[in-house]
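Peer 1: Structure file start-v6.txt (compact mmCIF, C-alpha atoms (C1' of nucleotides)) is given on the next line.
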# COMPACT_ATOMS: atom_id res chain seq x y z
CA MET A 1 74.47 94.43 73.98
CA ASN A 2 77.09 91.81 74.29
CA THR A 3 79.63 94.57 74.30
CA GLY A 4 77.72 96.40 76.99
CA ASN A 5 77.42 93.27 79.04
CA THR A 6 81.09 92.54 78.66
CA GLY A 7 81.88 96.10 79.66
CA LEU A 8 79.74 95.74 82.72
CA ARG A 9 81.33 92.48 83.64
CA ALA A 10 84.76 93.99 83.12
CA GLU A 11 83.77 96.83 85.37
CA ILE A 12 82.52 94.46 88.00
CA GLN A 13 85.62 92.35 87.78
CA GLN A 14 88.16 95.10 87.48
CA GLU A 15 86.84 98.38 88.78
CA ARG A 16 85.15 97.08 91.89
CA PRO A 17 86.15 93.45 92.07
CA PHE A 18 85.13 93.00 95.68
CA GLY A 19 82.95 95.98 96.33
CA SER A 20 84.03 98.42 98.99
CA LEU A 21 81.78 96.97 101.65
CA GLU A 22 84.63 94.98 103.17
CA GLN A 23 86.83 98.03 103.20
CA GLU A 24 84.10 100.06 104.81
CA VAL A 25 83.75 97.47 107.57
CA PHE A 26 87.50 97.43 108.03
CA LEU A 27 87.72 101.19 108.40
CA ASN A 28 84.71 101.28 110.65
CA LEU A 29 86.15 98.56 112.84
CA MET A 30 89.51 100.33 113.14
CA ARG A 31 87.85 103.62 113.92
CA THR A 32 85.52 102.21 116.56
CA ALA A 33 88.22 100.11 118.16
CA ALA A 34 90.63 103.04 118.26
CA ALA A 35 88.04 105.33 119.82
CA LEU A 36 87.04 102.79 122.46
CA GLU A 37 90.60 101.81 123.23
CA HIS A 38 91.64 105.42 123.61
CA ALA A 39 88.73 106.11 125.94
CA PHE A 40 89.55 102.97 127.89
CA GLU A 41 93.22 103.93 128.24
CA ASP A 42 92.16 107.32 129.53
CA GLY A 43 90.00 105.66 132.14
CA LEU A 44 92.83 103.36 133.18
CA ALA A 45 95.44 106.12 133.38
CA PRO A 46 94.64 107.11 136.99
CA TYR A 47 95.65 103.61 138.06
CA GLY A 48 99.00 103.82 136.31
CA VAL A 49 98.54 100.83 134.01
CA THR A 50 98.00 100.56 130.28
CA ALA A 51 95.28 98.45 128.71
CA THR A 52 97.88 95.84 127.81
CA GLN A 53 99.19 95.65 131.35
CA TYR A 54 95.66 95.44 132.72
CA ASN A 55 94.99 92.63 130.30
CA VAL A 56 98.03 90.70 131.49
CA LEU A 57 97.06 91.11 135.14
CA ARG A 58 93.58 89.81 134.37
CA ILE A 59 95.08 86.82 132.59
CA LEU A 60 97.39 86.04 135.50
CA ARG A 61 94.57 86.36 137.99
CA GLY A 62 92.54 83.96 135.88
CA ALA A 63 95.40 81.50 135.89
CA GLY A 64 95.37 81.29 139.68
CA ASP A 65 98.17 80.18 141.97
CA GLY A 66 99.82 78.07 139.32
CA GLY A 67 100.68 81.14 137.29
CA LEU A 68 101.69 81.05 133.66
CA CYS A 69 104.89 81.09 131.72
CA ARG A 70 105.66 83.87 129.31
CA ASN A 71 104.40 82.17 126.17
CA GLU A 72 101.17 81.12 127.81
CA VAL A 73 100.50 84.70 128.82
CA ASN A 74 101.19 85.86 125.31
CA ALA A 75 98.90 83.28 123.79
CA ARG A 76 95.98 84.49 125.88
CA MET A 77 96.46 88.18 125.23
CA ILE A 78 94.06 90.28 123.19
CA ALA A 79 96.91 91.35 120.96
CA PRO A 80 100.01 89.20 121.41
CA VAL A 81 103.19 91.26 121.69
CA PRO A 82 106.61 90.09 120.54
CA ASP A 83 108.23 91.37 123.70
CA ALA A 84 106.31 89.80 126.56
CA THR A 85 109.51 89.48 128.59
CA ARG A 86 109.93 93.20 129.18
CA LEU A 87 106.20 93.68 129.59
CA LEU A 88 106.36 91.27 132.53
CA ASP A 89 109.60 92.92 133.66
CA ARG A 90 107.78 96.21 134.07
CA LEU A 91 104.90 94.62 135.95
CA GLU A 92 107.36 92.83 138.21
CA ALA A 93 109.27 96.06 138.82
CA ARG A 94 106.07 97.65 140.05
CA GLY A 95 105.38 94.73 142.34
CA TYR A 96 102.25 93.47 140.58
CA VAL A 97 103.85 90.25 139.38
CA GLU A 98 106.24 87.71 140.86
CA ARG A 99 108.41 85.40 138.81
CA HIS A 100 110.53 82.42 139.58
CA ARG A 101 112.23 79.87 137.44
CA GLU A 102 110.64 76.45 137.40
CA ALA A 103 112.60 73.69 139.12
CA ASP A 104 111.29 70.88 136.95
CA ASP A 105 112.08 72.42 133.61
CA ARG A 106 114.45 75.24 134.09
CA ARG A 107 113.56 76.78 130.76
CA PHE A 108 110.25 78.00 132.15
CA VAL A 109 109.80 81.17 134.12
CA ARG A 110 106.48 81.11 135.88
CA ALA A 111 104.75 84.45 136.41
CA ARG A 112 102.14 84.88 139.13
CA ILE A 113 100.09 87.87 140.11
CA SER A 114 101.12 89.29 143.49
CA ASP A 115 98.86 90.41 146.31
CA ALA A 116 99.46 93.99 145.24
CA GLY A 117 98.35 93.04 141.74
CA LEU A 118 95.22 91.35 143.03
CA ASP A 119 94.48 94.40 145.13
CA LEU A 120 94.88 96.68 142.14
CA LEU A 121 92.51 94.59 140.04
CA GLU A 122 89.97 94.62 142.83
CA ARG A 123 90.15 98.38 143.13
CA MET A 124 89.76 98.72 139.37
CA GLU A 125 86.86 96.33 138.93
CA ARG A 126 84.04 98.75 139.53
CA PRO A 127 85.55 101.71 137.64
CA VAL A 128 86.32 99.48 134.66
CA ALA A 129 82.77 98.20 134.58
CA GLU A 130 81.56 101.78 134.66
CA LEU A 131 83.84 102.67 131.78
CA HIS A 132 82.41 99.93 129.63
CA GLU A 133 78.93 100.91 130.62
CA ALA A 134 79.62 104.52 129.68
CA HIS A 135 81.11 103.56 126.33
CA LEU A 136 78.72 100.84 125.22
CA GLY A 137 75.72 101.11 127.50
CA HIS A 138 73.73 103.02 124.92
CA LEU A 139 73.39 99.83 122.88
CA SER A 140 70.60 97.43 123.73
CA ALA A 141 71.36 93.94 125.01
CA SER A 142 70.15 92.58 121.71
CA GLU A 143 72.47 94.86 119.76
CA LEU A 144 75.40 93.93 121.96
CA ARG A 145 74.78 90.24 121.48
CA HIS A 146 74.41 90.69 117.76
CA LEU A 147 77.62 92.69 117.62
CA ASN A 148 79.42 89.96 119.52
CA THR A 149 78.24 87.36 117.07
CA LEU A 150 79.26 89.36 114.03
CA LEU A 151 82.67 90.22 115.49
CA GLU A 152 83.34 86.58 116.21
CA ARG A 153 82.33 85.67 112.70
CA ALA A 154 84.52 88.41 111.28
CA ARG A 155 87.51 87.11 113.18
CA ALA A 156 86.97 83.58 111.93
CA ALA A 157 88.51 84.28 108.55
CA PRO A 158 89.08 81.24 106.36
CA GLY A 159 92.73 80.36 106.00
CA MET T 1 62.27 85.51 151.14
CA ASN T 2 62.55 89.20 151.47
CA THR T 3 66.07 88.60 152.58
CA GLY T 4 66.69 86.42 149.57
CA ASN T 5 65.21 89.01 147.27
CA THR T 6 67.27 91.75 148.82
CA GLY T 7 70.34 89.61 148.47
CA LEU T 8 69.59 89.04 144.83
CA ARG T 9 68.99 92.70 144.21
CA ALA T 10 72.20 93.54 146.02
CA GLU T 11 73.98 91.07 143.85
CA ILE T 12 72.49 92.50 140.72
CA GLN T 13 73.27 96.03 141.77
CA GLN T 14 76.69 95.46 143.23
CA GLU T 15 78.20 92.28 141.92
CA ARG T 16 77.23 92.73 138.32
CA PRO T 17 75.99 96.28 138.13
CA PHE T 18 76.19 96.52 134.36
CA GLY T 19 76.35 92.92 133.28
CA SER T 20 79.43 91.75 131.45
CA LEU T 21 77.90 92.05 128.00
CA GLU T 22 79.53 95.42 127.39
CA GLN T 23 82.87 94.06 128.50
CA GLU T 24 82.46 91.08 126.25
CA VAL T 25 81.81 93.35 123.29
CA PHE T 26 84.80 95.47 124.20
CA LEU T 27 87.12 92.48 124.35
CA ASN T 28 85.69 91.03 121.19
CA LEU T 29 86.11 94.31 119.40
CA MET T 30 89.73 94.69 120.52
CA ARG T 31 90.51 91.13 119.56
CA THR T 32 88.94 91.34 116.13
CA ALA T 33 90.43 94.74 115.38
CA ALA T 34 93.90 93.59 116.48
CA ALA T 35 93.71 90.45 114.35
CA LEU T 36 92.54 92.34 111.26
CA GLU T 37 94.99 95.16 111.73
CA HIS T 38 97.86 92.74 112.14
CA ALA T 39 96.86 90.87 109.01
CA PHE T 40 96.50 94.15 107.16
CA GLU T 41 99.94 95.34 108.26
CA ASP T 42 101.41 92.08 107.05
CA GLY T 43 99.81 92.62 103.68
CA LEU T 44 101.12 96.17 103.49
CA ALA T 45 104.66 95.29 104.55
CA PRO T 46 105.89 94.42 101.04
CA TYR T 47 105.15 98.01 100.03
CA GLY T 48 107.17 99.43 102.89
CA VAL T 49 104.41 101.43 104.51
CA THR T 50 102.51 100.96 107.74
CA ALA T 51 98.73 101.11 107.98
CA THR T 52 99.01 104.58 109.49
CA GLN T 53 101.16 105.83 106.64
CA TYR T 54 98.85 104.28 104.08
CA ASN T 55 95.95 106.00 105.79
CA VAL T 56 97.68 109.38 105.57
CA LEU T 57 98.47 108.93 101.89
CA ARG T 58 94.84 108.07 101.21
CA ILE T 59 93.76 111.18 103.08
CA LEU T 60 96.15 113.38 101.14
CA ARG T 61 95.06 111.90 97.83
CA GLY T 62 91.48 112.59 98.81
CA ALA T 63 92.36 116.20 99.57
CA GLY T 64 93.59 116.75 96.02
CA ASP T 65 95.96 119.44 94.81
CA GLY T 66 95.16 121.79 97.64
CA GLY T 67 96.73 119.45 100.16
CA LEU T 68 96.15 119.66 103.87
CA CYS T 69 97.93 121.15 106.81
CA ARG T 70 99.14 118.96 109.63
CA ASN T 71 96.15 119.36 111.90
CA GLU T 72 93.70 118.71 109.10
CA VAL T 73 95.44 115.45 108.30
CA ASN T 74 95.32 114.44 111.93
CA ALA T 75 91.65 115.24 112.24
CA ARG T 76 90.80 112.89 109.37
CA MET T 77 92.88 109.96 110.53
CA ILE T 78 91.42 106.69 111.75
CA ALA T 79 93.39 107.08 114.97
CA PRO T 80 94.79 110.58 115.43
CA VAL T 81 98.41 110.59 116.53
CA PRO T 82 100.01 113.25 118.71
CA ASP T 83 103.07 113.39 116.50
CA ALA T 84 101.79 114.02 113.01
CA THR T 85 104.80 116.20 112.25
CA ARG T 86 107.31 113.40 112.25
CA LEU T 87 104.86 111.03 110.60
CA LEU T 88 104.74 113.47 107.68
CA ASP T 89 108.51 113.91 107.97
CA ARG T 90 109.00 110.24 107.29
CA LEU T 91 106.63 110.23 104.34
CA GLU T 92 108.39 113.29 102.94
CA ALA T 93 111.78 111.65 103.43
CA ARG T 94 110.62 108.76 101.29
CA GLY T 95 109.37 111.10 98.60
CA TYR T 96 105.68 110.30 98.97
CA VAL T 97 104.74 113.71 100.31
CA GLU T 98 105.75 117.27 99.51
CA ARG T 99 105.45 120.15 101.96
CA HIS T 100 105.79 123.85 101.71
CA ARG T 101 104.96 126.65 104.06
CA GLU T 102 101.94 128.67 103.16
CA ALA T 103 102.64 132.21 101.94
CA ASP T 104 99.38 133.69 103.19
CA ASP T 105 99.61 132.45 106.73
CA ARG T 106 103.12 131.34 107.43
CA ARG T 107 102.02 129.23 110.39
CA PHE T 108 100.58 126.60 108.04
CA VAL T 109 102.60 123.90 106.38
CA ARG T 110 100.66 122.40 103.55
CA ALA T 111 101.27 118.74 102.78
CA ARG T 112 100.48 117.30 99.37
CA ILE T 113 100.84 113.79 98.02
CA SER T 114 103.61 113.52 95.42
CA ASP T 115 103.50 111.68 92.10
CA ALA T 116 105.48 108.88 93.70
CA GLY T 117 102.87 108.72 96.45
CA LEU T 118 100.03 108.58 93.94
CA ASP T 119 101.85 105.88 92.05
CA LEU T 120 102.31 103.86 95.21
CA LEU T 121 98.62 104.10 96.07
CA GLU T 122 97.69 103.03 92.58
CA ARG T 123 99.95 100.00 92.75
CA MET T 124 98.49 99.10 96.15
CA GLU T 125 94.85 99.49 95.25
CA ARG T 126 94.22 96.02 93.95
CA PRO T 127 96.27 94.14 96.55
CA VAL T 128 94.60 96.08 99.34
CA ALA T 129 91.17 95.23 98.00
CA GLU T 130 92.22 91.59 97.87
CA LEU T 131 93.40 91.77 101.47
CA HIS T 132 90.06 93.03 102.64
CA GLU T 133 88.27 90.45 100.58
CA ALA T 134 90.43 87.71 102.09
CA HIS T 135 89.83 88.91 105.63
CA LEU T 136 86.15 89.76 105.49
CA GLY T 137 84.84 88.18 102.32
CA HIS T 138 83.42 85.21 104.20
CA LEU T 139 80.71 87.46 105.62
CA SER T 140 77.60 88.04 103.56
CA ALA T 141 76.76 91.52 102.28
CA SER T 142 73.92 91.64 104.74
CA GLU T 143 76.19 90.77 107.64
CA LEU T 144 78.72 93.37 106.54
CA ARG T 145 76.07 96.07 106.35
CA HIS T 146 74.71 95.08 109.72
CA LEU T 147 78.17 95.13 111.21
CA ASN T 148 78.76 98.59 109.81
CA THR T 149 75.56 99.85 111.37
CA LEU T 150 76.34 98.40 114.77
CA LEU T 151 79.91 99.67 114.74
CA GLU T 152 78.73 103.15 113.91
CA ARG T 153 76.20 103.00 116.70
CA ALA T 154 78.83 101.73 119.12
CA ARG T 155 81.09 104.63 118.26
CA ALA T 156 78.32 107.15 118.86
CA ALA T 157 78.66 107.02 122.62
CA PRO T 158 76.67 109.63 124.50
CA GLY T 159 78.89 112.26 126.08
C1' DT M 1 101.81 150.35 118.15
C1' DG M 2 102.77 147.33 121.77
C1' DA M 3 101.27 143.80 124.99
C1' DC M 4 98.81 139.69 125.09
C1' DA M 5 96.28 135.68 123.48
C1' DA M 6 95.39 132.18 120.00
C1' DT M 7 96.87 129.17 116.43
C1' DA M 8 100.01 125.96 114.00
C1' DT M 9 103.87 123.61 114.05
C1' DG M 10 108.42 121.93 115.75
C1' DT M 11 111.61 119.70 119.22
C1' DG M 12 113.52 117.10 123.28
C1' DT M 13 113.06 113.26 125.96
C1' DG M 14 111.90 108.96 128.02
C1' DA M 15 109.11 104.91 127.46
C1' DT M 16 107.69 101.46 124.49
C1' DA M 17 107.26 98.34 120.30
C1' DA M 18 109.15 95.49 116.69
C1' DC M 19 112.54 92.75 114.82
C1' DA M 20 116.44 89.85 114.66
C1' DC M 21 119.70 87.39 117.06
C1' DG M 22 121.79 85.05 121.21
C1' DT M 23 121.65 81.79 125.22
C1' DA M 24 120.22 78.15 128.22
C1' DA M 25 117.75 73.90 129.09
C1' DT M 26 115.53 69.89 127.49
C1' DA M 27 114.13 66.34 124.03
C1' DT M 28 115.32 63.33 120.22
C1' DT M 29 117.83 60.57 117.20
C1' DC M 30 121.21 57.60 115.82
C1' DG E 1 125.69 59.01 125.08
C1' DA E 2 127.02 62.55 121.78
C1' DA E 3 125.28 65.40 118.13
C1' DT E 4 121.38 67.79 116.74
C1' DA E 5 116.93 69.85 117.07
C1' DT E 6 113.45 72.06 119.77
C1' DT E 7 111.66 74.90 123.23
C1' DA E 8 111.57 78.98 126.20
C1' DC E 9 113.40 82.97 127.29
C1' DG E 10 116.53 87.06 127.22
C1' DT E 11 119.10 91.03 124.92
C1' DG E 12 120.51 94.68 121.57
C1' DT E 13 119.18 97.88 118.45
C1' DT E 14 116.42 100.82 115.78
C1' DA E 15 112.32 103.18 115.00
C1' DT E 16 108.34 104.98 116.79
C1' DC E 17 104.96 106.85 120.27
C1' DA E 18 103.44 109.98 123.73
C1' DC E 19 103.92 113.80 126.48
C1' DA E 20 105.40 118.24 127.68
C1' DC E 21 107.49 122.24 126.30
C1' DA E 22 109.34 125.63 122.83
C1' DT E 23 109.03 128.49 118.70
C1' DA E 24 106.97 131.20 115.13
C1' DT E 25 103.11 133.61 113.13
C1' DT E 26 98.93 135.91 113.29
C1' DG E 27 94.89 138.18 115.50
C1' DT E 28 92.97 141.35 119.09
C1' DC E 29 92.47 145.15 121.94
C1' DA E 30 93.63 149.01 124.58
For the file at hand, write its structure as structure tokens.
Peer 2:
Amino acid sequence: MNTGNTGLRAEIQQERPFGSLEQEVFLNLMRTAAALEHAFEDGLAPYGVTATQYNVLRILRGAGDGGLCRNEVNARMIAPVPDATRLLDRLEARGYVERHREADDRRFVRARISDAGLDLLERMERPVAELHEAHLGHLSASELRHLNTLLERARAAPG
Amino acid sequence: MNTGNTGLRAEIQQERPFGSLEQEVFLNLMRTAAALEHAFEDGLAPYGVTATQYNVLRILRGAGDGGLCRNEVNARMIAPVPDATRLLDRLEARGYVERHREADDRRFVRARISDAGLDLLERMERPVAELHEAHLGHLSASELRHLNTLLERARAAPG
DNA sequence: TGACAATATGTGTGATAACACGTAATATTC
DNA sequence: GAATATTACGTGTTATCACACATATTGTCA
């Protein structure tokens, strides 16, 4: 029996050391996020902005008149990108963002959302809400809250 | 009071027609998925493959000797890509995948995982399990199961 | 059998992402 | 106050993605 027990323990420790539950959650999370993101991008396409660009505009609107410098924008993004400069370049080229170098500390370039950007966000507000409703509205409020809690806990990995 | 009530209803119907709970879940999901994917990519980097490539190799291993044609691979991916051809090109160039055109129906190109690909997956198995454990192991089994259920339900959007 | 449609894959192109490195401005230290 | 470090941003380059279009093979129907 000792042998059997040892074999079992070996199997537990070596064959399935962590169980595949974590992997299942990982795959499920990637799949669900990819599906929702893709659907969201499709909904945003008519407005000519990507989800990332929309995210940046929302961040800049939230920052108000003061605006934000490049690194501050990046820090607040859903998924920080290593190339925030050219992301802001593109938004500036389309007239949604204005930039000017700070007089106090000339290293900073402050980015602010333009009137055109604010107008775009306003026009998108309702359609975006409808997108989210269409994609997640079949879950109950209780399920949504529970999902939020679990996702936050998942993100709070130790170390 | 009627006016007040009407105002409230108008606010409920127009200002916050769907509540922001769905949006909160969406943002949370994107954030958590991005963080986990980034951490996963970092863990995979030493092996020289991206998460997408790893996913394809797993799919091809699962398909066995028969292999799969391009569209079948794409259909099974976590996030289908529009350019599966060159994704498989790159894996073939590295020797992890072998392809040959089907004799029966010469439109098909069957992709199979090579011995080198199988070897790579075997070497990665343990480290990958440890990655998932490190990223999600702080959740209880019950939480993980619950999360799986909710994610599956979220993905099952109507229409 | 010959025209046409359907299927499966390949290719060309421009936009974007990721990474490393370069530059300018400010802070710090001695 | 001069050398060095730090901070914030920009640039160059390569690989990759995404989209539309092209090619090749097979099936269908008159």
Peer 1: May I have the residues of chain E within 12 Å of chain T, counting all atoms listed in the file, written as a PDB file with C-alpha atoms (C1' of nucleotides), in the frame of the given file?
Peer 2:
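See part.pdb below for the written result:
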ATOM      1  C1'  DA E  15     112.320 103.180 115.000  1.00  0.00           C
ATOM      2  C1'  DT E  16     108.340 104.980 116.790  1.00  0.00           C
ATOM      3  C1'  DC E  17     104.960 106.850 120.270  1.00  0.00           C
ATOM      4  C1'  DA E  18     103.440 109.980 123.730  1.00  0.00           C
ATOM      5  C1'  DC E  19     103.920 113.800 126.480  1.00  0.00           C
ATOM      6  C1'  DA E  20     105.400 118.240 127.680  1.00  0.00           C
ATOM      7  C1'  DT E  23     109.030 128.490 118.700  1.00  0.00           C
ATOM      8  C1'  DA E  24     106.970 131.200 115.130  1.00  0.00           C
ATOM      9  C1'  DT E  25     103.110 133.610 113.130  1.00  0.00           C
ATOM     10  C1'  DT E  26      98.930 135.910 113.290  1.00  0.00           C
ATOM     11  C1'  DG E  27      94.890 138.180 115.500  1.00  0.00           C
TER      12       DG E  27
END
Peer 1: Could you check the closest approach to chain A for each of T:Glu133, T:Glu72, T:Asp119, T:Glu41 and tell me which residue wins, using all atoms listed in the file?
Peer 2: T:Glu133
Peer 1: Using only C-alpha atoms (C1' of nucleotides), find which residues of chain M lie within 10 Å of chain A and jot them down as a list in words.
Peer 2: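 Residues passing the distance filter: DT16, DA17, DA18, DC19, DA24, DA25 and DT26 of chain M.
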Peer 1: Neighbouring residues of DT28 (chain E) were defined as those with any atom within 10 Å, considering all atoms listed in the file; residues of the same chain fewer than 3 positions away were excluded. Please report them as a list in words.
Peer 2: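 Answer for this query is DC4, DA5 and DA6 of chain M.
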Peer 1: Using all atoms listed in the file, I'd like every residue of chain A that has an atom within 6 Å of chain T; please write them out as a count of residues only.
Peer 2: 14
Peer 1: For CA of Cys69 (chain T) and CA of Gln53 (chain T), determine how far apart the two atoms are, in Å to one decimal place.
Peer 2: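 Straight-line distance from CA of Cys69 (chain T) to CA of Gln53 (chain T) works out to 15.7 Å.
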Peer 1: How far is it from CA of Arg112 (chain A) to CA of Leu60 (chain A), in Å with one decimal?
Peer 2: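 One can read the CA of Arg112 (chain A) to CA of Leu60 (chain A) distance as 6.1 Å.
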Peer 1: When you draw a straight line from CA of Ala116 (chain T) to CA of Tyr96 (chain T), how long is it in Å?
Peer 2: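 One can read the CA of Ala116 (chain T) to CA of Tyr96 (chain T) distance as 5.5 Å.
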Peer 1: Given the choices A:Glu122, A:Ile113, A:Arg99, A:Ile59, which gets closest to Arg76 (chain A) if the distance is worked out from all atoms listed in the file?
Peer 2: A:Ile59
Peer 1: Around (112.2, 117.5, 121.8) in the file's own coordinates, what residues are found within 10 Å if you use only C-alpha atoms (C1' of nucleotides), given back as JSON, numbers by chain?
Peer 2: {"M": [10, 11, 12, 13], "E": [20, 21, 22]}
Peer 1: Near DT4 (chain E), within 12 Å and counting only C-alpha atoms (C1' of nucleotides), which residues show up once chain neighbours fewer than 4 positions away are dropped, as a list in words?
Peer 2: DA27, DT28, DT29 and DC30 of chain M
